[in-house]
file work.cif (mmCIF, C-alpha atoms)
data_protein
loop_
_atom_site.label_atom_id
_atom_site.label_comp_id
_atom_site.auth_asym_id
_atom_site.auth_seq_id
_atom_site.Cartn_x
_atom_site.Cartn_y
_atom_site.Cartn_z
CA MET A 8 2.55 -45.58 14.83
CA SER A 9 3.44 -41.87 15.32
CA ARG A 10 1.65 -40.97 12.05
CA PHE A 11 -1.46 -42.81 13.22
CA LYS A 12 -1.32 -41.00 16.59
CA SER A 13 -0.98 -37.64 14.83
CA LEU A 14 -3.97 -38.42 12.60
CA PHE A 15 -5.98 -39.47 15.64
CA TYR A 16 -5.20 -36.20 17.40
CA GLN A 17 -6.13 -34.14 14.35
CA ASN A 18 -9.63 -35.60 14.46
CA ASP A 19 -9.94 -35.46 18.26
CA ALA A 20 -11.59 -32.26 19.51
CA TYR A 21 -10.02 -32.78 22.96
CA ALA A 22 -6.53 -33.78 21.80
CA VAL A 23 -4.63 -30.78 23.18
CA LEU A 24 -6.31 -31.18 26.58
CA ARG A 25 -4.60 -34.56 26.94
CA ILE A 26 -1.22 -32.79 27.24
CA GLY A 27 -0.46 -32.34 30.95
CA GLY A 28 1.76 -29.28 30.59
CA TYR A 29 -0.85 -27.53 28.49
CA ARG A 30 -3.60 -28.32 31.01
CA ARG A 31 -1.58 -26.91 33.90
CA PHE A 32 -0.68 -23.70 32.13
CA ILE A 33 -4.12 -23.08 30.67
CA THR A 34 -5.63 -23.55 34.15
CA GLY A 35 -3.40 -20.80 35.52
CA ARG A 36 -4.33 -18.61 32.58
CA PHE A 37 -8.00 -19.27 33.28
CA PHE A 38 -7.79 -18.10 36.90
CA LEU A 39 -5.76 -15.01 35.99
CA THR A 40 -8.18 -14.07 33.21
CA PHE A 41 -11.10 -14.68 35.57
CA ALA A 42 -9.57 -12.31 38.12
CA ILE A 43 -8.74 -9.66 35.52
CA GLN A 44 -12.25 -9.76 34.08
CA MET A 45 -13.72 -9.43 37.58
CA GLN A 46 -11.42 -6.50 38.23
CA SER A 47 -12.38 -4.83 34.96
CA VAL A 48 -16.10 -4.76 35.70
CA ILE A 49 -15.52 -3.69 39.32
CA VAL A 50 -13.20 -0.81 38.39
CA GLY A 51 -15.51 0.26 35.56
CA TRP A 52 -18.51 0.50 37.86
CA GLN A 53 -16.41 2.15 40.58
CA VAL A 54 -15.15 4.87 38.22
CA TYR A 55 -18.59 5.58 36.76
CA ASP A 56 -20.16 5.58 40.22
CA LEU A 57 -17.63 8.21 41.29
CA THR A 58 -17.62 10.37 38.15
CA HIS A 59 -20.81 9.68 36.17
CA ASP A 60 -18.73 10.57 33.11
CA VAL A 61 -18.53 8.38 29.98
CA LEU A 62 -15.13 9.80 29.06
CA SER A 63 -13.76 8.65 32.42
CA LEU A 64 -14.67 5.10 31.42
CA GLY A 65 -12.80 5.50 28.14
CA LEU A 66 -9.75 6.77 30.00
CA ILE A 67 -9.55 3.45 31.87
CA GLY A 68 -8.72 1.78 28.58
CA LEU A 69 -6.32 4.54 27.54
CA SER A 70 -4.45 4.36 30.84
CA GLU A 71 -3.74 0.68 30.13
CA ALA A 72 -3.10 1.04 26.41
CA ILE A 73 -0.41 3.74 26.57
CA PRO A 74 2.12 1.79 28.69
CA PHE A 75 1.19 -1.40 26.85
CA LEU A 76 1.99 0.13 23.46
CA THR A 77 5.14 1.82 24.76
CA VAL A 78 6.91 -1.41 25.68
CA ALA A 79 5.13 -4.03 23.54
CA LEU A 80 7.89 -4.54 20.96
CA PHE A 81 10.60 -4.65 23.63
CA ALA A 82 8.50 -7.16 25.59
CA GLY A 83 8.39 -9.41 22.51
CA HIS A 84 12.17 -9.19 22.20
CA MET A 85 12.52 -10.19 25.86
CA ALA A 86 10.22 -13.18 25.33
CA ASP A 87 12.69 -14.47 22.73
CA ILE A 88 15.81 -14.11 24.90
CA VAL A 89 14.58 -14.67 28.50
CA ASN A 90 12.96 -17.79 29.96
CA ARG A 91 9.31 -17.44 29.01
CA LYS A 92 7.95 -19.17 32.10
CA LEU A 93 9.90 -16.73 34.29
CA ILE A 94 8.38 -13.73 32.49
CA ILE A 95 4.90 -15.21 32.91
CA ALA A 96 5.39 -15.82 36.63
CA ILE A 97 6.81 -12.33 37.30
CA THR A 98 4.08 -10.50 35.39
CA ALA A 99 1.36 -12.56 37.08
CA THR A 100 2.90 -11.57 40.42
CA VAL A 101 2.61 -7.91 39.41
CA TYR A 102 -1.09 -8.49 38.70
CA VAL A 103 -1.54 -9.88 42.22
CA ILE A 104 0.19 -6.89 43.79
CA CYS A 105 -1.99 -4.48 41.79
CA ALA A 106 -5.12 -6.36 42.90
CA ILE A 107 -4.04 -6.01 46.54
CA VAL A 108 -3.48 -2.26 46.07
CA LEU A 109 -6.92 -1.87 44.47
CA LEU A 110 -8.44 -3.69 47.44
CA TYR A 111 -6.72 -1.29 49.83
CA MET A 112 -7.77 1.73 47.74
CA SER A 113 -11.40 0.59 47.80
CA TYR A 114 -11.42 1.42 51.52
CA ILE A 115 -9.88 4.88 51.16
CA MET A 116 -11.21 5.91 47.74
CA PRO A 117 -14.16 8.00 49.03
CA VAL A 118 -11.67 10.27 50.82
CA LEU A 119 -8.93 10.00 48.19
CA TYR A 120 -11.35 11.02 45.44
CA GLN A 121 -11.78 14.43 47.03
CA THR A 122 -8.12 15.29 46.46
CA ALA A 123 -6.88 13.10 43.59
CA GLY A 124 -10.03 12.08 41.74
CA VAL A 125 -9.78 8.71 39.99
CA LEU A 126 -6.13 9.27 38.99
CA PRO A 127 -4.84 6.66 41.51
CA LEU A 128 -7.04 4.03 39.87
CA TYR A 129 -5.68 4.95 36.44
CA ILE A 130 -2.11 4.61 37.73
CA ILE A 131 -2.71 1.06 38.98
CA ILE A 132 -4.38 0.13 35.69
CA ALA A 133 -1.37 1.58 33.85
CA ILE A 134 0.92 -0.75 35.81
CA THR A 135 -1.23 -3.73 34.83
CA GLY A 136 -0.87 -2.53 31.23
CA LEU A 137 2.91 -2.80 31.54
CA ALA A 138 2.58 -6.28 33.02
CA ARG A 139 0.23 -7.37 30.24
CA ALA A 140 2.65 -6.13 27.59
CA PHE A 141 5.25 -8.63 28.83
CA PHE A 142 2.80 -11.40 29.70
CA PHE A 143 1.11 -11.54 26.28
CA PRO A 144 4.07 -12.45 24.02
CA ALA A 145 5.63 -14.73 26.65
CA GLN A 146 2.48 -16.82 27.14
CA SER A 147 1.77 -16.97 23.41
CA ALA A 148 5.29 -18.20 22.64
CA TYR A 149 5.29 -20.59 25.61
CA MET A 150 2.03 -22.28 24.61
CA ALA A 151 3.22 -22.76 21.03
CA GLN A 152 6.26 -24.62 22.39
CA ILE A 153 4.34 -27.05 24.59
CA VAL A 154 1.84 -28.03 21.87
CA PRO A 155 2.68 -30.14 18.77
CA ARG A 156 2.39 -28.30 15.46
CA SER A 157 -0.34 -30.70 14.32
CA LEU A 158 -2.52 -29.44 17.18
CA TYR A 159 -2.15 -25.69 16.63
CA ALA A 160 -5.69 -25.26 15.29
CA ASN A 161 -7.03 -27.38 18.15
CA SER A 162 -5.05 -25.39 20.72
CA SER A 163 -6.24 -22.07 19.24
CA THR A 164 -9.81 -23.24 19.70
CA TRP A 165 -9.30 -24.30 23.31
CA ASN A 166 -7.22 -21.22 24.14
CA SER A 167 -10.16 -19.15 23.02
CA THR A 168 -12.66 -21.39 24.82
CA ILE A 169 -10.85 -21.25 28.16
CA TRP A 170 -10.30 -17.51 27.89
CA HIS A 171 -13.94 -16.86 27.08
CA ILE A 172 -15.23 -19.12 29.83
CA ALA A 173 -13.26 -16.95 32.24
CA ALA A 174 -14.54 -13.85 30.48
CA VAL A 175 -18.13 -15.10 30.86
CA SER A 176 -17.90 -15.97 34.53
CA GLY A 177 -15.52 -13.23 35.65
CA PRO A 178 -17.71 -10.18 34.88
CA ALA A 179 -20.88 -11.94 36.02
CA VAL A 180 -19.33 -12.97 39.34
CA GLY A 181 -17.68 -9.57 39.75
CA GLY A 182 -20.95 -7.72 39.13
CA LEU A 183 -22.97 -9.99 41.41
CA ILE A 184 -20.49 -9.81 44.29
CA TYR A 185 -20.20 -6.04 43.88
CA GLY A 186 -23.99 -5.68 43.83
CA PHE A 187 -24.81 -7.99 46.73
CA ALA A 188 -21.69 -7.96 48.96
CA GLY A 189 -19.98 -4.67 48.10
CA ILE A 190 -16.76 -3.55 46.47
CA HIS A 191 -14.44 -4.80 49.23
CA ALA A 192 -15.65 -8.39 48.95
CA ALA A 193 -15.36 -8.18 45.17
CA PHE A 194 -11.71 -7.10 45.29
CA ILE A 195 -10.90 -9.76 47.90
CA CYS A 196 -12.10 -12.36 45.37
CA VAL A 197 -9.90 -10.79 42.67
CA VAL A 198 -6.86 -11.18 44.92
CA PHE A 199 -7.80 -14.77 45.79
CA PHE A 200 -8.14 -15.96 42.18
CA SER A 201 -4.99 -14.11 41.11
CA VAL A 202 -3.02 -15.97 43.76
CA ILE A 203 -4.40 -19.31 42.55
CA SER A 204 -3.13 -18.52 39.05
CA LEU A 205 0.35 -17.92 40.46
CA ILE A 206 0.46 -21.44 41.90
CA PHE A 207 -0.14 -22.97 38.47
CA PHE A 208 2.31 -20.65 36.70
CA TYR A 209 5.14 -21.24 39.15
CA THR A 210 4.64 -25.02 38.97
CA SER A 211 4.43 -25.17 35.16
CA LYS A 212 7.44 -26.71 33.44
CA SER A 213 10.15 -24.59 31.87
CA VAL A 214 10.93 -25.01 28.19
CA PRO A 215 14.28 -24.10 26.60
CA LEU A 216 14.48 -21.07 24.35
CA PRO A 217 14.83 -21.91 20.63
CA ALA A 218 18.21 -21.21 19.05
CA ARG A 219 18.47 -17.82 17.39
CA LYS A 220 21.09 -15.66 15.68
CA ALA A 221 23.89 -14.82 18.12
CA GLY A 222 24.87 -11.20 18.73
CA GLU A 223 21.78 -9.74 17.09
CA LYS A 224 21.31 -6.11 18.13
CA ILE A 225 18.08 -5.17 19.85
CA PHE A 226 16.85 -2.81 17.13
CA THR A 227 17.59 -5.42 14.48
CA SER A 228 15.70 -7.96 16.57
CA LEU A 229 12.69 -5.67 16.91
CA SER A 230 12.62 -4.81 13.21
CA THR A 231 12.75 -8.51 12.28
CA GLY A 232 9.38 -9.14 13.91
CA LEU A 233 7.85 -6.08 12.25
CA LYS A 234 9.20 -7.01 8.82
CA PHE A 235 7.90 -10.56 9.16
CA VAL A 236 4.32 -9.46 9.88
CA PHE A 237 4.21 -6.57 7.41
CA GLY A 238 5.72 -8.77 4.70
CA HIS A 239 3.00 -11.40 5.11
CA GLN A 240 -0.14 -10.19 3.34
CA VAL A 241 -2.60 -12.70 4.79
CA LEU A 242 -1.35 -12.34 8.35
CA LEU A 243 -1.20 -8.55 8.12
CA GLY A 244 -4.69 -8.38 6.63
CA ALA A 245 -6.19 -10.62 9.31
CA LEU A 246 -4.59 -8.65 12.13
CA ALA A 247 -5.58 -5.28 10.68
CA LEU A 248 -9.16 -6.42 10.08
CA ASP A 249 -9.50 -7.62 13.64
CA MET A 250 -7.84 -4.50 15.05
CA PHE A 251 -10.13 -2.03 13.30
CA GLY A 252 -13.18 -4.18 13.99
CA VAL A 253 -12.51 -4.11 17.73
CA LEU A 254 -11.34 -0.48 17.67
CA PHE A 255 -14.57 0.86 16.20
CA GLY A 256 -17.03 -1.89 17.13
CA GLY A 257 -16.25 -2.32 20.80
CA ALA A 258 -19.02 -1.09 23.10
CA VAL A 259 -17.75 -2.81 26.26
CA ALA A 260 -16.37 0.39 27.80
CA LEU A 261 -19.83 1.97 27.63
CA LEU A 262 -21.72 -0.93 29.16
CA PRO A 263 -21.81 0.68 32.63
CA VAL A 264 -23.70 3.59 31.03
CA PHE A 265 -26.09 1.28 29.15
CA ALA A 266 -26.66 -0.76 32.33
CA SER A 267 -27.29 2.32 34.45
CA GLU A 268 -29.13 4.77 32.19
CA VAL A 269 -30.58 2.83 29.23
CA LEU A 270 -31.38 -0.66 30.53
CA HIS A 271 -31.66 0.24 34.25
CA ALA A 272 -30.04 -3.05 35.27
CA GLY A 273 -27.58 -1.98 38.00
CA PRO A 274 -24.17 -3.59 38.68
CA GLN A 275 -25.69 -7.08 38.60
CA GLY A 276 -27.04 -6.44 35.11
CA LEU A 277 -23.70 -4.98 34.09
CA GLY A 278 -22.03 -8.24 35.04
CA PHE A 279 -24.36 -10.19 32.74
CA LEU A 280 -23.95 -7.68 29.92
CA ARG A 281 -20.17 -7.93 30.20
CA ALA A 282 -20.39 -11.73 30.26
CA ALA A 283 -22.75 -12.05 27.28
CA PRO A 284 -20.16 -11.68 24.45
CA ALA A 285 -17.88 -14.20 26.11
CA PHE A 286 -20.78 -16.61 26.65
CA GLY A 287 -21.52 -16.48 22.92
CA ALA A 288 -17.84 -16.96 22.17
CA VAL A 289 -17.71 -20.09 24.33
CA MET A 290 -20.71 -21.56 22.49
CA MET A 291 -19.05 -20.87 19.16
CA ALA A 292 -15.70 -22.24 20.36
CA LEU A 293 -17.32 -25.53 21.36
CA ILE A 294 -18.85 -25.78 17.88
CA LEU A 295 -15.53 -24.94 16.20
CA ALA A 296 -13.72 -27.58 18.28
CA TYR A 297 -15.63 -30.15 16.23
CA TYR A 298 -15.97 -28.13 13.02
CA PRO A 299 -12.86 -25.92 12.78
CA PRO A 300 -12.98 -23.09 10.18
CA VAL A 301 -10.28 -24.55 7.97
CA HIS A 302 -12.26 -24.36 4.70
CA ARG A 303 -12.92 -20.98 3.05
CA SER A 304 -11.31 -19.44 6.11
CA GLY A 305 -10.87 -15.97 4.60
CA ILE A 306 -14.53 -15.61 3.62
CA LYS A 307 -15.61 -16.84 7.05
CA LEU A 308 -13.31 -14.29 8.68
CA LEU A 309 -14.85 -11.42 6.68
CA TRP A 310 -18.42 -12.52 7.38
CA ALA A 311 -17.63 -12.95 11.07
CA VAL A 312 -16.22 -9.44 11.53
CA GLY A 313 -19.08 -7.97 9.50
CA GLY A 314 -21.61 -9.85 11.62
CA PHE A 315 -19.92 -8.53 14.75
CA GLY A 316 -20.34 -4.95 13.54
CA ALA A 317 -24.02 -5.50 12.70
CA CYS A 318 -24.69 -6.89 16.20
CA ILE A 319 -23.16 -3.79 17.77
CA ILE A 320 -25.47 -1.54 15.71
CA PHE A 321 -28.59 -3.43 16.77
CA PHE A 322 -27.41 -3.54 20.38
CA ALA A 323 -27.21 0.25 20.46
CA LEU A 324 -30.78 0.51 19.14
CA SER A 325 -32.29 -2.24 21.31
CA GLY A 326 -33.28 -0.67 24.62
CA ASN A 327 -34.41 -4.08 25.96
CA PHE A 328 -32.20 -5.83 28.50
CA TYR A 329 -32.78 -9.38 27.24
CA ILE A 330 -32.51 -8.50 23.56
CA SER A 331 -29.32 -6.60 24.35
CA ILE A 332 -27.84 -9.64 26.08
CA GLY A 333 -28.76 -11.81 23.08
CA LEU A 334 -27.13 -9.40 20.62
CA LEU A 335 -23.98 -9.18 22.70
CA ALA A 336 -23.83 -12.99 22.88
CA LEU A 337 -24.23 -13.18 19.09
CA SER A 338 -21.45 -10.62 18.67
CA GLY A 339 -19.21 -12.85 20.77
CA MET A 340 -19.98 -15.83 18.52
CA PHE A 341 -18.96 -13.88 15.44
CA ASP A 342 -15.87 -12.46 17.14
CA ASN A 343 -14.61 -15.87 18.21
CA VAL A 344 -14.47 -17.11 14.62
CA SER A 345 -12.02 -14.29 13.93
CA VAL A 346 -10.02 -15.06 17.08
CA ILE A 347 -9.56 -18.73 16.19
CA ILE A 348 -8.66 -18.14 12.55
CA ARG A 349 -6.16 -15.43 13.46
CA GLY A 350 -4.63 -17.49 16.26
CA THR A 351 -4.19 -20.52 14.01
CA ILE A 352 -2.43 -18.71 11.16
CA LEU A 353 -0.22 -16.85 13.66
CA GLN A 354 0.96 -20.13 15.17
CA MET A 355 1.32 -21.90 11.83
CA TYR A 356 3.44 -19.27 10.11
CA THR A 357 5.69 -18.03 12.93
CA PRO A 358 9.13 -19.64 13.47
CA ASP A 359 9.80 -20.70 17.09
CA GLU A 360 12.72 -18.27 17.54
CA MET A 361 10.50 -15.31 16.55
CA ARG A 362 7.32 -16.13 18.42
CA GLY A 363 7.81 -13.52 21.13
CA ARG A 364 8.46 -10.69 18.68
CA VAL A 365 5.66 -11.66 16.31
CA ALA A 366 3.26 -12.04 19.23
CA SER A 367 4.19 -8.54 20.37
CA VAL A 368 3.41 -7.16 16.90
CA ASN A 369 0.12 -9.04 17.08
CA SER A 370 -0.50 -7.42 20.46
CA LEU A 371 0.05 -3.98 18.92
CA PHE A 372 -2.71 -4.76 16.44
CA VAL A 373 -5.11 -6.70 18.64
CA GLY A 374 -4.11 -6.51 22.29
CA SER A 375 -4.16 -2.72 22.35
CA SER A 376 -7.27 -2.33 20.20
CA ASN A 377 -9.55 -3.22 23.12
CA GLU A 378 -8.13 -0.43 25.27
CA LEU A 379 -7.90 2.10 22.42
CA GLY A 380 -11.40 1.05 21.43
CA SER A 381 -12.53 1.84 24.96
CA PHE A 382 -11.07 5.33 24.66
CA GLU A 383 -12.59 5.80 21.19
CA SER A 384 -15.98 4.70 22.53
CA GLY A 385 -15.81 7.10 25.46
CA LEU A 386 -14.68 10.02 23.30
CA ALA A 387 -17.29 9.32 20.61
CA ALA A 388 -20.03 9.06 23.24
CA LYS A 389 -18.93 12.40 24.65
CA LEU A 390 -19.06 14.05 21.21
CA LEU A 391 -21.97 12.26 19.51
CA GLY A 392 -24.05 10.93 22.36
CA LEU A 393 -24.23 7.39 23.71
CA ILE A 394 -26.39 5.55 21.16
CA PRO A 395 -25.24 7.42 17.99
CA SER A 396 -21.60 6.76 18.89
CA VAL A 397 -22.13 2.99 19.16
CA VAL A 398 -24.13 2.91 15.91
CA PHE A 399 -21.29 4.84 14.24
CA GLY A 400 -18.70 2.36 15.54
CA GLY A 401 -20.63 -0.68 14.33
CA GLY A 402 -21.17 0.95 10.93
CA MET A 403 -17.45 1.69 10.60
CA THR A 404 -16.69 -1.98 11.31
CA VAL A 405 -19.00 -3.09 8.48
CA MET A 406 -17.43 -0.54 6.10
CA ILE A 407 -13.93 -1.77 6.96
CA VAL A 408 -14.95 -5.35 6.18
CA LEU A 409 -16.28 -4.31 2.78
CA ALA A 410 -13.08 -2.38 2.03
CA THR A 411 -10.87 -5.29 3.12
CA ALA A 412 -12.80 -7.75 0.98
CA GLY A 413 -12.02 -5.63 -2.07
CA LEU A 414 -8.44 -4.66 -1.26
CA ALA A 415 -7.10 -7.97 0.10
CA PRO A 416 -7.96 -10.78 -2.33
CA LYS A 417 -5.36 -13.14 -0.80
CA LEU A 418 -7.04 -12.84 2.57
CA ARG A 419 -10.44 -13.41 0.98
CA LYS A 420 -9.19 -16.62 -0.66
CA MET A 421 -7.27 -17.87 2.39
CA GLU A 422 -7.64 -21.55 3.38
CA ILE A 423 -6.22 -22.75 6.70
CA LYS A 424 -6.49 -26.37 5.55
CA GLY A 425 -3.29 -27.35 3.81
CA MET A 426 -1.16 -24.53 5.31
CA LYS A 427 2.42 -25.59 5.85
#
call {"tool": "encode", "arguments": {"input": "work.cif", "output": "structure tokens"}}
result
Amino acid sequence: MSRFKSLFYQNDAYAVLRIGGYRRFITGRFFLTFAIQMQSVIVGWQVYDLTHDVLSLGLIGLSEAIPFLTVALFAGHMADIVNRKLIIAITATVYVICAIVLLYMSYIMPVLYQTAGVLPLYIIIAITGLARAFFFPAQSAYMAQIVPRSLYANSSTWNSTIWHIAAVSGPAVGGLIYGFAGIHAAFICVVFFSVISLIFFYTSKSVPLPARKAGEKIFTSLSTGLKFVFGHQVLLGALALDMFGVLFGGAVALLPVFASEVLHAGPQGLGFLRAAPAFGAVMMALILAYYPPVHRSGIKLLWAVGGFGACIIFFALSGNFYISIGLLALSGMFDNVSVIIRGTILQMYTPDEMRGRVASVNSLFVGSSNELGSFESGLAAKLLGLIPSVVFGGGMTVMIVLATAGLAPKLRKMEIKGMK
């Protein structure tokens, strides 16, 4: 009977959503992601409105990436020795506190800017970077424990779907509220949705930590996670490909400039531009829920990252608001194929007692690449100009895909179907 049930679930696109604990946790994750995405577009527009400097936008990402990278490996170690639900709840609480501080600062920022510039905003974003460093490995390890192994590919698809739905609606709602009701109302909504996420996190069930080697020293523990990832050619190749693709191909940090100076769309248009990649990702995730990329997975991964880079090039050259939205949506569709393939192989190959540490290594590759990519985009735009810098980044992504295809034959031949 259990074998029949497992087979049924494997062919059921909604199987993982039938697990109550998973539904509760993923709902909390949705509301937190929604709030963070709202906050991102609000802070981005606020900083550019104050400074009118593209490098200042890039520094938002750098201010989050530096603390994130500093503690990421230690955060993974903590996720393997401390109750993972507790870490999730505490870090989500930090997010709420930061949202409240940003709301307060929105009232005093016009005066504060005269003496401190946008530094106070960078400091709050840096604190959220620390929180995210601990949240990421804990939630990744927690979700792998509450989902049966036979549903890992299904859960990777829905994890991506839920995240991207929040990433679609969050920036759009944030931009619209900012544009029509003002910055104070926008930050009040960020606080409200962050608090809702806390309710779900605190009421989620705790799961016991897997048994692990007793008395293991912290540096030995940290090196174990690094050795596992760097000793696994397919996993390392997939993470590196995704990291460099996002690092060079990300144009999100520059969208306030495109919205203001190229497309003349205002904060409302910025919200839709920010939401477009996630909208495309949701569409692709719904397709992949029924047709998961388990055959010729490596080739699909390479084509997806290459397609993402090509979309970024054409976006830079577009100049039309609606075409730009379409290209960003298409880039999100390509990107989500990579997200689901990477998430599936990470869950399939990682032992339970190492999930926190391996997730933290993954976060060094992928989680930080968005923020470092934001800094790279801002710096390149400062040096090369807005449009040439984005074309350069998309071109570099395509070149990296071509190099990876030649240098990593195991990744090219990878098949998720049949992985044990």
call {"tool": "closest_residue", "arguments": {"input": "work.cif", "among": "A:Tyr159, A:Phe341, A:Trp310, A:Trp170", "to": "Gln354 in chain A", "atoms": "all atoms listed in the file"}}
result
A:Tyr159
call {"tool": "atom_distance", "arguments": {"input": "work.cif", "atom1": "CA of Thr164 in chain A", "atom2": "CA of Gly350 in chain A"}}
result
8.5 Å
call {"tool": "residues_around", "arguments": {"input": "work.cif", "residues": "range 187-201 of chain A", "least_positions_apart": "4", "cutoff": "7 Å", "atoms": "all atoms listed in the file", "output": "PDB file with C-alpha atoms, keeping the file's coordinate frame"}}
result
ATOM      1  CA  PHE A  38      -7.790 -18.100  36.900  1.00  0.00           C
ATOM      2  CA  LEU A  39      -5.760 -15.010  35.990  1.00  0.00           C
ATOM      3  CA  ALA A  42      -9.570 -12.310  38.120  1.00  0.00           C
ATOM      4  CA  MET A  45     -13.720  -9.430  37.580  1.00  0.00           C
ATOM      5  CA  GLN A  46     -11.420  -6.500  38.230  1.00  0.00           C
ATOM      6  CA  VAL A 103      -1.540  -9.880  42.220  1.00  0.00           C
ATOM      7  CA  ALA A 106      -5.120  -6.360  42.900  1.00  0.00           C
ATOM      8  CA  ILE A 107      -4.040  -6.010  46.540  1.00  0.00           C
ATOM      9  CA  LEU A 110      -8.440  -3.690  47.440  1.00  0.00           C
ATOM     10  CA  SER A 113     -11.400   0.590  47.800  1.00  0.00           C
ATOM     11  CA  GLY A 181     -17.680  -9.570  39.750  1.00  0.00           C
ATOM     12  CA  LEU A 183     -22.970  -9.990  41.410  1.00  0.00           C
ATOM     13  CA  LEU A 205       0.350 -17.920  40.460  1.00  0.00           C
TER      14      LEU A 205
END
call {"tool": "axis_aligned_box", "arguments": {"input": "work.cif", "around": "range 47-52 of chain A", "padding_each_side": "5 Å", "output": "AutoDock Vina command-line options"}}
result
--center_x -15.4 --center_y -2.2 --center_z 37.1 --size_x 16.1 --size_y 15.3 --size_z 14.4
call {"tool": "resolve_selection", "arguments": {"input": "work.cif", "expression": "the PyMOL selection byres ((chain A and resi 98) around 8)", "output": "PyMOL selection string"}}
result
chain A and resi 94-97+99-102+138-139+141-142
call {"tool": "residues_near_point", "arguments": {"input": "work.cif", "point": "(-8.1, -16.1, 32.2)", "cutoff": "8 Å", "atoms": "only C-alpha atoms", "output": "NGL selection string"}}
result
:A and (35-44 or 169-171 or 173-174)
call {"tool": "atom_distance", "arguments": {"input": "work.cif", "atom1": "CA of Leu242 in chain A", "atom2": "CA of Ala79 in chain A"}}
result
18.5 Å
call {"tool": "residues_around", "arguments": {"input": "work.cif", "residues": "range 51-65 of chain A", "least_positions_apart": "3", "cutoff": "10 Å", "atoms": "all atoms listed in the file", "output": "number ranges by chain"}}
result
A: 46-48, 68-70, 113, 116-117, 120, 124-125, 128-129, 182, 185, 190, 259-264, 266-267, 273-274, 277-278, 378-390, 392-393
call {"tool": "write_last_selection", "arguments": {"input": "work.cif", "atoms": "C-alpha atoms", "output": "PDB file, keeping the file's coordinate frame"}}
result
ATOM      1  CA  GLN A  46     -11.420  -6.500  38.230  1.00  0.00           C
ATOM      2  CA  SER A  47     -12.380  -4.830  34.960  1.00  0.00           C
ATOM      3  CA  VAL A  48     -16.100  -4.760  35.700  1.00  0.00           C
ATOM      4  CA  GLY A  68      -8.720   1.780  28.580  1.00  0.00           C
ATOM      5  CA  LEU A  69      -6.320   4.540  27.540  1.00  0.00           C
ATOM      6  CA  SER A  70      -4.450   4.360  30.840  1.00  0.00           C
ATOM      7  CA  SER A 113     -11.400   0.590  47.800  1.00  0.00           C
ATOM      8  CA  MET A 116     -11.210   5.910  47.740  1.00  0.00           C
ATOM      9  CA  PRO A 117     -14.160   8.000  49.030  1.00  0.00           C
ATOM     10  CA  TYR A 120     -11.350  11.020  45.440  1.00  0.00           C
ATOM     11  CA  GLY A 124     -10.030  12.080  41.740  1.00  0.00           C
ATOM     12  CA  VAL A 125      -9.780   8.710  39.990  1.00  0.00           C
ATOM     13  CA  LEU A 128      -7.040   4.030  39.870  1.00  0.00           C
ATOM     14  CA  TYR A 129      -5.680   4.950  36.440  1.00  0.00           C
ATOM     15  CA  GLY A 182     -20.950  -7.720  39.130  1.00  0.00           C
ATOM     16  CA  TYR A 185     -20.200  -6.040  43.880  1.00  0.00           C
ATOM     17  CA  ILE A 190     -16.760  -3.550  46.470  1.00  0.00           C
ATOM     18  CA  VAL A 259     -17.750  -2.810  26.260  1.00  0.00           C
ATOM     19  CA  ALA A 260     -16.370   0.390  27.800  1.00  0.00           C
ATOM     20  CA  LEU A 261     -19.830   1.970  27.630  1.00  0.00           C
ATOM     21  CA  LEU A 262     -21.720  -0.930  29.160  1.00  0.00           C
ATOM     22  CA  PRO A 263     -21.810   0.680  32.630  1.00  0.00           C
ATOM     23  CA  VAL A 264     -23.700   3.590  31.030  1.00  0.00           C
ATOM     24  CA  ALA A 266     -26.660  -0.760  32.330  1.00  0.00           C
ATOM     25  CA  SER A 267     -27.290   2.320  34.450  1.00  0.00           C
ATOM     26  CA  GLY A 273     -27.580  -1.980  38.000  1.00  0.00           C
ATOM     27  CA  PRO A 274     -24.170  -3.590  38.680  1.00  0.00           C
ATOM     28  CA  LEU A 277     -23.700  -4.980  34.090  1.00  0.00           C
ATOM     29  CA  GLY A 278     -22.030  -8.240  35.040  1.00  0.00           C
ATOM     30  CA  GLU A 378      -8.130  -0.430  25.270  1.00  0.00           C
ATOM     31  CA  LEU A 379      -7.900   2.100  22.420  1.00  0.00           C
ATOM     32  CA  GLY A 380     -11.400   1.050  21.430  1.00  0.00           C
ATOM     33  CA  SER A 381     -12.530   1.840  24.960  1.00  0.00           C
ATOM     34  CA  PHE A 382     -11.070   5.330  24.660  1.00  0.00           C
ATOM     35  CA  GLU A 383     -12.590   5.800  21.190  1.00  0.00           C
ATOM     36  CA  SER A 384     -15.980   4.700  22.530  1.00  0.00           C
ATOM     37  CA  GLY A 385     -15.810   7.100  25.460  1.00  0.00           C
ATOM     38  CA  LEU A 386     -14.680  10.020  23.300  1.00  0.00           C
ATOM     39  CA  ALA A 387     -17.290   9.320  20.610  1.00  0.00           C
ATOM     40  CA  ALA A 388     -20.030   9.060  23.240  1.00  0.00           C
ATOM     41  CA  LYS A 389     -18.930  12.400  24.650  1.00  0.00           C
ATOM     42  CA  LEU A 390     -19.060  14.050  21.210  1.00  0.00           C
ATOM     43  CA  GLY A 392     -24.050  10.930  22.360  1.00  0.00           C
ATOM     44  CA  LEU A 393     -24.230   7.390  23.710  1.00  0.00           C
TER      45      LEU A 393
END
call {"tool": "atom_distance", "arguments": {"input": "work.cif", "atom1": "CA of Tyr114 in chain A", "atom2": "CA of Ile49 in chain A"}}
result
13.8 Å
call {"tool": "residues_around", "arguments": {"input": "work.cif", "residues": "Val344 in chain A", "least_positions_apart": "5", "cutoff": "9 Å", "atoms": "only C-alpha atoms", "output": "list in words"}}
result
Ala288, Met291, Ala292, Leu295, Pro300, Lys307, Leu308, Ala311, Val312, Gly339 and Arg349 of chain A
